[in-house]
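Shown here: model-v1.cif, mmCIF, C-alpha atoms (C1' of nucleotides).
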```
data_coords
loop_
_atom_site.label_atom_id
_atom_site.label_comp_id
_atom_site.auth_asym_id
_atom_site.auth_seq_id
_atom_site.Cartn_x
_atom_site.Cartn_y
_atom_site.Cartn_z
CA MET A 1 100.06 122.23 120.96
CA THR A 2 99.44 121.64 117.28
CA THR A 3 96.59 119.93 115.49
CA THR A 4 99.04 117.70 113.58
CA GLY A 5 101.44 114.91 114.45
CA LEU A 6 104.41 116.93 113.21
CA ASP A 7 106.84 118.26 115.78
CA GLU A 8 108.29 121.73 115.83
CA PHE A 9 111.65 120.64 114.46
CA ALA A 10 110.08 119.17 111.36
CA LEU A 11 108.05 122.31 110.71
CA LEU A 12 111.09 124.57 111.05
CA ASP A 13 113.29 122.52 108.68
CA GLU A 14 114.52 125.13 106.21
CA THR A 15 114.45 122.64 103.34
CA TRP A 16 110.74 123.33 102.89
CA ARG A 17 110.76 127.09 103.41
CA ALA A 18 109.85 127.97 99.81
CA VAL A 19 106.87 125.59 99.66
CA THR A 20 103.54 127.45 99.73
CA PRO A 21 100.80 127.63 100.79
CA ASP A 22 101.18 126.44 104.39
CA ALA A 23 98.91 123.45 103.92
CA ALA A 24 100.98 122.23 100.96
CA ARG A 25 104.15 122.56 103.05
CA ARG A 26 102.63 120.72 106.02
CA MET A 27 101.56 117.96 103.65
CA LEU A 28 105.02 117.66 102.13
CA ILE A 29 106.67 117.47 105.54
CA ALA A 30 104.13 114.90 106.69
CA ALA A 31 104.79 112.83 103.57
CA ALA A 32 108.56 113.03 104.04
CA HIS A 33 108.27 111.76 107.59
CA ALA A 34 105.90 108.96 106.68
CA PHE A 35 107.93 107.88 103.63
CA ALA A 36 111.14 107.90 105.67
CA GLU A 37 109.68 105.86 108.49
CA LYS A 38 107.62 103.24 106.66
CA GLY A 39 108.67 103.57 103.03
CA TYR A 40 106.75 105.06 100.11
CA HIS A 41 104.63 102.04 99.29
CA ALA A 42 103.75 101.26 102.90
CA THR A 43 102.56 104.83 103.43
CA THR A 44 98.94 105.59 102.57
CA THR A 45 97.58 108.96 101.55
CA ARG A 46 95.46 108.70 104.70
CA ASP A 47 98.65 108.44 106.80
CA ILE A 48 99.95 111.61 105.22
CA ALA A 49 96.72 113.56 105.57
CA SER A 50 96.31 112.45 109.16
CA LEU A 51 99.89 113.44 110.05
CA ALA A 52 99.27 116.84 108.45
CA GLY A 53 96.04 117.19 110.42
CA MET A 54 93.74 117.19 107.41
CA SER A 55 91.23 114.97 105.65
CA PRO A 56 92.31 112.27 103.16
CA ALA A 57 90.94 114.31 100.27
CA ALA A 58 93.00 117.38 101.19
CA VAL A 59 96.12 115.75 99.73
CA TYR A 60 94.70 116.14 96.23
CA ILE A 61 94.02 119.86 96.58
CA HIS A 62 97.75 120.54 96.51
CA TYR A 63 99.20 117.49 94.74
CA ARG A 64 98.04 115.48 91.78
CA SER A 65 99.08 112.14 93.27
CA LYS A 66 101.07 110.45 96.01
CA GLU A 67 103.97 110.17 93.59
CA GLU A 68 103.97 113.92 93.07
CA LEU A 69 104.53 114.36 96.80
CA LEU A 70 107.47 111.99 96.56
CA PHE A 71 108.88 113.81 93.56
CA ASN A 72 108.73 117.19 95.31
CA ILE A 73 110.53 115.79 98.35
CA SER A 74 113.14 114.05 96.21
CA LEU A 75 113.79 117.11 94.07
CA LEU A 76 114.11 119.52 97.01
CA GLY A 77 116.34 117.05 98.88
CA HIS A 78 118.66 116.55 95.93
CA GLU A 79 118.84 120.29 95.27
CA THR A 80 119.65 121.00 98.90
CA SER A 81 122.46 118.47 99.14
CA LEU A 82 123.90 119.56 95.78
CA ALA A 83 123.83 123.20 96.92
CA LEU A 84 125.87 122.16 99.95
CA LEU A 85 128.66 120.85 97.72
CA ASN A 86 128.40 123.74 95.26
CA GLY A 87 128.93 126.23 98.08
CA ILE A 88 132.37 124.90 98.97
CA GLU A 89 135.37 126.99 97.83
CA GLY A 90 138.61 128.41 99.17
CA GLY A 91 141.34 126.70 101.17
CA ASP A 92 143.53 123.91 99.84
CA ALA A 93 142.35 120.64 98.31
CA ALA A 94 142.47 118.76 101.62
CA GLN A 95 140.44 121.44 103.37
CA ARG A 96 137.84 121.44 100.60
CA LEU A 97 137.50 117.64 100.64
CA ARG A 98 137.25 117.66 104.42
CA THR A 99 134.49 120.27 104.26
CA ALA A 100 132.67 118.42 101.49
CA VAL A 101 132.64 115.05 103.24
CA SER A 102 131.79 116.59 106.58
CA ALA A 103 128.89 118.56 105.13
CA PHE A 104 127.56 115.77 102.92
CA ALA A 105 127.75 113.06 105.57
CA GLY A 106 126.46 115.47 108.21
CA TRP A 107 123.48 116.36 106.03
CA HIS A 108 122.57 112.69 105.66
CA ALA A 109 122.52 112.46 109.46
CA GLU A 110 120.85 115.74 110.43
CA PHE A 111 118.26 115.48 107.66
CA HIS A 112 118.07 111.70 107.67
CA THR A 113 114.31 111.90 107.18
CA THR A 114 114.62 113.67 103.85
CA ALA A 115 117.82 111.82 103.01
CA ARG A 116 116.15 108.43 103.35
CA VAL A 117 113.46 109.40 100.89
CA VAL A 118 116.10 110.87 98.57
CA GLN A 119 118.31 107.78 98.63
CA TYR A 120 115.91 104.87 98.99
CA GLU A 121 112.74 105.79 97.13
CA LEU A 122 114.14 106.58 93.68
CA GLY A 123 112.48 103.46 92.30
CA ALA A 124 109.00 104.75 93.13
CA LEU A 125 109.39 107.84 90.92
CA THR A 126 107.87 107.89 87.42
CA PRO A 127 110.50 107.47 84.68
CA GLU A 128 110.24 111.19 83.82
CA HIS A 129 110.68 112.30 87.41
CA HIS A 130 113.47 109.80 87.94
CA ALA A 131 115.35 111.21 84.96
CA GLU A 132 115.12 114.68 86.44
CA VAL A 133 116.66 113.73 89.79
CA ALA A 134 119.20 111.48 88.06
CA GLU A 135 120.66 114.59 86.45
CA LEU A 136 121.10 116.17 89.89
CA ARG A 137 122.76 112.97 91.10
CA ARG A 138 125.24 113.18 88.24
CA GLN A 139 126.11 116.72 89.29
CA ILE A 140 126.62 115.60 92.90
CA GLU A 141 128.94 112.83 91.72
CA GLN A 142 130.93 115.24 89.53
CA ARG A 143 131.33 117.75 92.34
CA MET A 144 132.65 115.19 94.78
CA ARG A 145 134.96 113.76 92.15
CA SER A 146 136.41 117.21 91.42
CA PHE A 147 137.27 117.71 95.10
CA ILE A 148 139.33 114.51 94.98
CA ALA A 149 140.75 115.20 91.51
CA ASP A 150 142.00 118.62 92.64
CA GLY A 151 144.15 117.04 95.33
CA VAL A 152 145.46 114.40 92.93
CA ALA A 153 146.40 117.12 90.42
CA GLU A 154 148.23 119.04 93.14
CA GLY A 155 150.03 115.87 94.18
CA VAL A 156 148.70 115.95 97.76
CA PHE A 157 146.27 113.03 97.27
CA ASP A 158 147.10 109.59 95.94
CA VAL A 159 144.27 107.43 94.63
CA GLY A 160 144.79 104.57 92.23
CA ASP A 161 141.24 104.77 90.88
CA LEU A 162 139.58 108.22 90.89
CA LYS A 163 136.10 107.00 89.95
CA GLY A 164 136.35 104.16 92.45
CA ALA A 165 137.45 106.47 95.25
CA THR A 166 134.63 108.91 94.45
CA LEU A 167 132.13 106.08 94.47
CA ALA A 168 133.34 104.91 97.87
CA VAL A 169 133.30 108.39 99.40
CA LEU A 170 129.77 109.16 98.19
CA SER A 171 128.62 105.69 99.21
CA LEU A 172 130.00 106.11 102.71
CA CYS A 173 128.20 109.43 103.17
CA ILE A 174 124.92 108.27 101.67
CA ASP A 175 124.72 105.17 103.83
CA VAL A 176 124.61 107.41 106.91
CA ALA A 177 120.93 107.95 106.09
CA ARG A 178 120.35 104.21 106.54
CA TRP A 179 121.92 103.68 109.96
CA TYR A 180 121.70 107.09 111.64
CA GLN A 181 119.33 107.37 114.57
CA PRO A 182 118.71 110.64 116.40
CA GLY A 183 119.69 110.25 120.02
CA GLY A 184 122.37 107.74 119.09
CA ARG A 185 126.03 107.71 120.05
CA ARG A 186 127.14 110.40 117.58
CA THR A 187 125.83 113.83 116.61
CA PRO A 188 125.65 114.76 112.92
CA ASP A 189 128.69 117.05 113.38
CA GLU A 190 130.69 114.24 114.98
CA ILE A 191 129.77 111.91 112.13
CA GLY A 192 130.89 114.55 109.64
CA ALA A 193 134.23 114.97 111.42
CA LEU A 194 134.79 111.20 111.77
CA TYR A 195 134.02 110.56 108.11
CA ALA A 196 136.14 113.47 106.88
CA ASP A 197 139.08 112.00 108.83
CA LEU A 198 138.53 108.53 107.40
CA VAL A 199 138.27 109.85 103.85
CA LEU A 200 141.42 111.93 104.15
CA ARG A 201 143.21 108.79 105.34
CA MET A 202 141.92 106.98 102.25
CA VAL A 203 143.34 109.53 99.82
CA ARG A 204 146.56 110.23 101.72
CA PRO A 205 149.76 109.22 99.91
CA ALA A 206 151.89 106.45 101.40
CA GLY A 207 154.38 107.86 103.91
CA MET B 1 113.10 76.72 78.79
CA THR B 2 111.37 77.01 82.15
CA THR B 3 107.76 77.72 83.05
CA THR B 4 108.83 80.51 85.42
CA GLY B 5 110.34 83.95 85.04
CA LEU B 6 113.41 82.95 87.06
CA ASP B 7 116.67 82.59 85.21
CA GLU B 8 119.14 79.76 85.66
CA PHE B 9 121.54 81.82 87.75
CA ALA B 10 118.87 82.57 90.33
CA LEU B 11 117.87 78.92 90.59
CA LEU B 12 121.47 77.78 91.08
CA ASP B 13 122.25 80.33 93.82
CA GLU B 14 123.59 78.14 96.63
CA THR B 15 122.04 80.36 99.28
CA TRP B 16 118.76 78.51 98.84
CA ARG B 17 120.10 74.98 98.49
CA ALA B 18 118.67 73.71 101.79
CA VAL B 19 115.15 74.99 101.11
CA THR B 20 112.72 72.17 100.31
CA PRO B 21 110.53 71.16 98.62
CA ASP B 22 111.36 72.57 95.19
CA ALA B 23 108.19 74.64 94.97
CA ALA B 24 108.99 76.33 98.29
CA ARG B 25 112.50 77.14 97.06
CA ARG B 26 111.24 78.53 93.74
CA MET B 27 108.79 80.69 95.65
CA LEU B 28 111.51 82.01 97.97
CA ILE B 29 113.78 82.87 95.06
CA ALA B 30 110.91 84.52 93.22
CA ALA B 31 110.08 86.57 96.32
CA ALA B 32 113.72 87.61 96.80
CA HIS B 33 113.90 88.86 93.23
CA ALA B 34 110.61 90.72 93.42
CA PHE B 35 111.38 92.26 96.83
CA ALA B 36 114.82 93.37 95.64
CA GLU B 37 113.52 94.94 92.46
CA LYS B 38 110.36 96.68 93.64
CA GLY B 39 110.55 96.56 97.42
CA TYR B 40 108.56 94.39 99.83
CA HIS B 41 105.43 96.55 99.99
CA ALA B 42 105.27 97.16 96.25
CA THR B 43 105.43 93.43 95.59
CA THR B 44 102.16 91.50 95.55
CA THR B 45 101.75 87.84 96.36
CA ARG B 46 100.47 87.55 92.79
CA ASP B 47 103.83 88.90 91.52
CA ILE B 48 105.67 86.25 93.50
CA ALA B 49 103.43 83.39 92.44
CA SER B 50 103.58 84.45 88.81
CA LEU B 51 107.39 84.70 88.88
CA ALA B 52 107.52 81.21 90.43
CA GLY B 53 105.16 79.92 87.71
CA MET B 54 102.33 79.06 90.09
CA SER B 55 98.88 80.27 91.08
CA PRO B 56 98.36 83.08 93.64
CA ALA B 57 97.07 80.59 96.19
CA ALA B 58 100.17 78.40 95.93
CA VAL B 59 102.16 80.87 98.03
CA TYR B 60 100.12 79.89 101.09
CA ILE B 61 100.79 76.19 100.73
CA HIS B 62 104.41 76.72 101.76
CA TYR B 63 104.32 79.99 103.69
CA ARG B 64 101.89 81.39 106.20
CA SER B 65 102.15 84.95 104.89
CA LYS B 66 104.06 87.31 102.65
CA GLU B 67 106.06 88.40 105.69
CA GLU B 68 107.15 84.83 106.34
CA LEU B 69 108.69 84.74 102.88
CA LEU B 70 110.57 87.93 103.73
CA PHE B 71 111.74 86.53 107.05
CA ASN B 72 113.10 83.36 105.46
CA ILE B 73 115.03 85.39 102.88
CA SER B 74 116.35 87.77 105.51
CA LEU B 75 117.42 84.99 107.87
CA LEU B 76 119.19 82.96 105.18
CA GLY B 77 120.90 86.07 103.83
CA HIS B 78 122.15 87.17 107.23
CA GLU B 79 123.35 83.66 108.06
CA THR B 80 125.21 83.40 104.75
CA SER B 81 127.03 86.71 105.09
CA LEU B 82 127.90 86.00 108.74
CA ALA B 83 129.27 82.58 107.78
CA LEU B 84 131.53 84.33 105.28
CA LEU B 85 133.15 86.37 108.05
CA ASN B 86 133.25 83.46 110.49
CA GLY B 87 135.20 81.40 107.96
CA ILE B 88 138.15 83.78 107.90
CA GLU B 89 141.29 82.74 109.77
CA GLY B 90 145.03 82.48 109.31
CA GLY B 91 147.45 85.07 107.96
CA ASP B 92 148.26 88.35 109.65
CA ALA B 93 145.76 91.01 110.74
CA ALA B 94 146.07 92.95 107.48
CA GLN B 95 145.47 89.83 105.40
CA ARG B 96 142.42 88.88 107.47
CA LEU B 97 140.92 92.38 107.21
CA ARG B 98 141.58 92.42 103.48
CA THR B 99 139.86 89.07 103.07
CA ALA B 100 136.93 90.13 105.26
CA VAL B 101 136.25 93.37 103.42
CA SER B 102 136.76 91.78 100.05
CA ALA B 103 134.39 88.92 100.84
CA PHE B 104 131.75 91.04 102.55
CA ALA B 105 131.68 93.79 99.92
CA GLY B 106 131.90 91.21 97.14
CA TRP B 107 128.94 89.31 98.58
CA HIS B 108 126.83 92.48 98.57
CA ALA B 109 127.64 92.84 94.86
CA GLU B 110 127.39 89.24 93.66
CA PHE B 111 124.27 88.55 95.71
CA HIS B 112 122.89 92.06 95.50
CA THR B 113 119.39 90.66 95.08
CA THR B 114 119.42 88.94 98.46
CA ALA B 115 121.57 91.69 99.97
CA ARG B 116 119.04 94.38 99.11
CA VAL B 117 116.29 92.49 100.88
CA VAL B 118 118.62 91.83 103.83
CA GLN B 119 119.66 95.47 104.18
CA TYR B 120 116.62 97.46 103.14
CA GLU B 121 113.55 95.50 104.21
CA LEU B 122 114.26 95.06 107.93
CA GLY B 123 111.41 97.43 108.73
CA ALA B 124 108.85 95.12 107.15
CA LEU B 125 109.65 92.22 109.51
CA THR B 126 107.45 91.54 112.53
CA PRO B 127 109.04 92.67 115.81
CA GLU B 128 109.80 89.03 116.72
CA HIS B 129 111.42 88.26 113.38
CA HIS B 130 113.31 91.55 113.44
CA ALA B 131 114.75 90.70 116.85
CA GLU B 132 116.03 87.39 115.48
CA VAL B 133 117.95 88.93 112.59
CA ALA B 134 119.13 91.82 114.78
CA GLU B 135 121.08 89.26 116.82
CA LEU B 136 122.84 88.07 113.65
CA ARG B 137 123.61 91.68 112.73
CA ARG B 138 125.25 92.16 116.13
CA GLN B 139 127.45 89.12 115.46
CA ILE B 140 128.43 90.49 112.05
CA GLU B 141 129.39 93.81 113.63
CA GLN B 142 131.45 92.07 116.33
CA ARG B 143 133.29 89.95 113.79
CA MET B 144 134.27 92.91 111.63
CA ARG B 145 135.31 94.87 114.70
CA SER B 146 137.55 92.05 115.87
CA PHE B 147 139.40 92.01 112.54
CA ILE B 148 140.23 95.69 113.02
CA ALA B 149 140.93 95.35 116.75
CA ASP B 150 143.45 92.56 116.08
CA GLY B 151 145.54 94.87 113.92
CA VAL B 152 145.33 97.68 116.45
CA ALA B 153 146.46 95.31 119.21
CA GLU B 154 149.40 94.19 117.08
CA GLY B 155 150.29 97.82 116.38
CA VAL B 156 149.94 97.44 112.60
CA PHE B 157 146.68 99.42 112.39
CA ASP B 158 146.02 102.90 113.73
CA VAL B 159 142.40 103.97 114.24
CA GLY B 160 141.40 106.75 116.59
CA ASP B 161 137.89 105.35 117.06
CA LEU B 162 137.46 101.56 116.80
CA LYS B 163 133.66 101.58 116.84
CA GLY B 164 133.57 104.43 114.35
CA ALA B 165 135.99 102.70 111.99
CA THR B 166 134.00 99.46 112.18
CA LEU B 167 130.80 101.34 111.46
CA ALA B 168 132.34 102.98 108.41
CA VAL B 169 133.78 99.73 107.04
CA LEU B 170 130.51 97.83 107.41
CA SER B 171 128.59 100.79 106.01
CA LEU B 172 130.83 100.97 102.96
CA CYS B 173 130.35 97.27 102.20
CA ILE B 174 126.61 97.25 102.84
CA ASP B 175 125.96 100.21 100.56
CA VAL B 176 127.31 98.19 97.64
CA ALA B 177 123.92 96.47 97.57
CA ARG B 178 122.30 99.84 96.85
CA TRP B 179 124.39 100.98 93.89
CA TYR B 180 125.68 97.75 92.34
CA GLN B 181 124.30 96.84 88.94
CA PRO B 182 125.23 93.63 87.13
CA GLY B 183 126.86 94.46 83.85
CA GLY B 184 128.29 97.66 85.30
CA ARG B 185 131.86 98.88 85.24
CA ARG B 186 133.14 96.60 87.99
CA THR B 187 132.81 92.90 88.78
CA PRO B 188 132.07 91.80 92.35
CA ASP B 189 135.68 90.63 92.71
CA GLU B 190 137.00 93.99 91.54
CA ILE B 191 134.74 95.79 93.99
CA GLY B 192 136.01 93.54 96.77
CA ALA B 193 139.62 94.29 95.87
CA LEU B 194 139.01 98.05 95.52
CA TYR B 195 137.23 98.25 98.85
CA ALA B 196 139.81 96.14 100.68
CA ASP B 197 142.51 98.55 99.43
CA LEU B 198 140.55 101.61 100.54
CA VAL B 199 139.88 100.13 103.97
CA LEU B 200 143.52 99.17 104.51
CA ARG B 201 144.43 102.76 103.66
CA MET B 202 141.93 103.94 106.28
CA VAL B 203 143.48 101.89 109.08
CA ARG B 204 147.11 102.34 108.03
CA PRO B 205 149.28 104.25 110.52
CA ALA B 206 150.68 107.63 109.47
CA GLY B 207 154.02 107.19 107.67
"C1'" DG C 1 90.25 125.14 100.20
"C1'" DT C 2 88.44 121.81 102.99
"C1'" DC C 3 85.14 118.55 104.12
"C1'" DT C 4 82.15 113.90 103.89
"C1'" DA C 5 81.12 110.18 101.14
"C1'" DT C 6 82.24 106.91 97.89
"C1'" DA C 7 83.62 104.96 93.38
"C1'" DG C 8 86.62 101.65 91.26
"C1'" DA C 9 90.50 98.81 91.49
"C1'" DA C 10 93.84 95.95 93.79
"C1'" DT C 11 95.47 93.25 97.74
"C1'" DG C 12 96.40 89.44 101.29
"C1'" DA C 13 94.52 85.46 102.38
"C1'" DT C 14 90.99 81.48 102.37
"C1'" DA C 15 87.43 77.81 100.68
"C1'" DG C 16 86.78 73.88 98.49
"C1'" DA C 17 87.26 70.94 94.12
"C1'" DC C 18 90.52 67.76 92.21
"C1'" DG D 1 99.96 70.10 96.50
"C1'" DT D 2 97.92 72.82 93.24
"C1'" DC D 3 94.16 74.88 91.17
"C1'" DT D 4 89.92 78.25 90.35
"C1'" DA D 5 87.01 81.31 92.53
"C1'" DT D 6 86.22 84.64 95.77
"C1'" DC D 7 85.87 87.10 100.33
"C1'" DA D 8 86.85 90.99 103.15
"C1'" DT D 9 89.59 94.72 103.35
"C1'" DT D 10 92.19 98.56 101.95
"C1'" DC D 11 93.90 101.72 98.71
"C1'" DT D 12 94.21 105.95 95.46
"C1'" DA D 13 91.62 109.22 93.71
"C1'" DT D 14 87.22 111.79 92.64
"C1'" DA D 15 82.37 113.97 93.27
"C1'" DG D 16 79.90 117.33 95.15
"C1'" DA D 17 78.32 120.09 99.36
"C1'" DC D 18 79.74 124.09 101.88
#
```
Conversion result in structure tokens:
Amino acid sequence: MTTTGLDEFALLDETWRAVTPDAARRMLIAAAHAFAEKGYHATTTRDIASLAGMSPAAVYIHYRSKEELLFNISLLGHETSLALLNGIEGGDAAQRLRTAVSAFAGWHAEFHTTARVVQYELGALTPEHHAEVAELRRQIEQRMRSFIADGVAEGVFDVGDLKGATLAVLSLCIDVARWYQPGGRRTPDEIGALYADLVLRMVRPAG
Amino acid sequence: MTTTGLDEFALLDETWRAVTPDAARRMLIAAAHAFAEKGYHATTTRDIASLAGMSPAAVYIHYRSKEELLFNISLLGHETSLALLNGIEGGDAAQRLRTAVSAFAGWHAEFHTTARVVQYELGALTPEHHAEVAELRRQIEQRMRSFIADGVAEGVFDVGDLKGATLAVLSLCIDVARWYQPGGRRTPDEIGALYADLVLRMVRPAG
DNA sequence: GTCTATAGAATGATAGAC
DNA sequence: GTCTATCATTCTATAGAC
């Protein structure tokens, strides 16, 4: 039994491992859960403190503002999902694209809490903070585009519009964070496999 | 020159044609724009009134609460996009699916303001209001699924997982509301055409 | 570092004149 | 139907004790 409203799974999420001290990490995890469930603006600093098992004032010991909590979540989330794509190498172009889509879509399901904050709360960041995560988003887009471009260059993929195809693939994966519900029909791995199949069909040349 | 912050395009949007009297319609349009831009919870009733060119109290002449404004927008938006799908008939299965995807994705671009409220503010509805739009969402899902199922039954489409394919197609179209920006690289019609192509590739049997 | 208490501002909604 | 004025509440953030 814990003194907070956070379950064990949330506290073991490796995304937050490097955040110290413990109270700052508990606060960040509490904020991520609250932001994901009710949205940034509907979440009060009291909600966050209460979920972390601390007083309302404790938030400001570790973070300057509510927005700084959001920024930390957004930054870590973007870095984690970019690292996923950056870690993919080896195999042929189709294998790499399959792995990329499977991992990226699967991440948006398994870590839908973080992913929702990452994808749907960009507008609540300060302009400076938004610019910082926008750069990471550009890198994510470039990575995914290169996986498709590789196959086109090798002649194993056929897409009429490279930027359009990249947009659609990223969009498909990102939207998983909106509809995914734990305990639903599909596991994150199954979603990754399904989406990788669908994307490979999209880029496959006409028979 | 108008006394409100709403531009001519917003006021001519046919989605709101049946809303009377004029002040109630202006308020609804103002609310849709504010909710889409900043989110429901970040929007104040003063924002809405100001955008409609009226006093803060004027909101409550035509609507019981801020949530009732949201519900009206959500209901009208869902009804409009469902009507789009319900109006599709004739042609072969591939033509109908192409038309459906093109229209549905295109709607999420052209009416991205309404679409954003429809897709991303469901959580701010009261349970009763949410249940009412959830029924419309089920009908939208069924319609899209039937367009795919028709082609499978005729043997012109090949999908391993009908529910999964339907989910992906709807997801792809819906996410347009998140990333679309007027004045961007693609027009709503071009997005519709691009997405219809990609979806037909997804359901096309192996050569 | 964490707490209790609260300042200072903003919010949703209402009262009552016109 | 619309306005001005305002109530009651809630919010982010800070002060100061321990």
Compute the set of chain D residues within 12 Å of chain B, using all atoms listed in the file, and express it as number ranges by chain. D: 1-6
Within 12 Å of chain C, which residues of chain B are there when counting all atoms listed in the file? Please give them as a ChimeraX atom specification. /B:41-47,56-61,63-67
At a cut-off of 7 Å, can you tabulate as CSV every residue of chain B near chain A together with its closest atom pair and the distance in Å to one decimal, using only C-alpha atoms and ordering rows by chain then number?
```
residue,atom,partner,partner_atom,distance
B:His41,CA,A:His41,CA,5.6
B:Ala42,CA,A:His41,CA,5.8
B:Ala168,CA,A:Leu172,CA,6.9
B:Ser171,CA,A:Asp175,CA,6.2
B:Leu172,CA,A:Leu172,CA,5.2
B:Asp175,CA,A:Asp175,CA,6.1
B:Leu198,CA,A:Met202,CA,5.8
B:Arg201,CA,A:Met202,CA,5.1
B:Met202,CA,A:Met202,CA,5.0
B:Ala206,CA,A:Gly207,CA,6.7
B:Gly207,CA,A:Gly207,CA,3.8
```
Quick one: distance from atom CA of Asn86 of chain B to atom CA of Ala100 of chain B in Å, one decimal? 9.2 Å
Have a look at atom CA of Ala34 of chain A and atom C1' of DT9 of chain D and let me know their distance in Å, one decimal. 21.9 Å
Run the PyMOL selection byres ((chain A and resi 89) around 12) mentally over the shown coordinates, then write out the matched residues as a list of chain:residue names, using the chain letters and numbers from the document. A:Leu84, A:Leu85, A:Asn86, A:Gly87, A:Ile88, A:Gly90, A:Gly91, A:Asp92, A:Ala93, A:Ala94, A:Gln95, A:Arg96, A:Leu97, A:Arg98, A:Thr99, A:Ala100, A:Arg143, A:Ser146, A:Phe147, A:Asp150
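The gap separating atom CA of Pro188 of chain A from atom CA of Lys163 of chain B is 15.9 Å, in Å to one decimal.
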Applying 8 Å and only C-alpha atoms (C1' of nucleotides), which residues near Ile148 of chain B remain after dropping the ones on its own chain fewer than 3 positions away? List them as a PyMOL selection string. chain B and resi 93+97+144-145+151-152+157+162+166
Once 3 Å is added on each side, what are the centre and the three edge lengths, in Å to one decimal, of the axis-aligned box enclosing the listed atoms of segment 88-107 of chain B? Present them as lines of an AutoDock Vina configuration file.
```
center_x = 138.6
center_y = 88.1
center_z = 103.9
size_x = 25.3
size_y = 17.3
size_z = 19.6
```
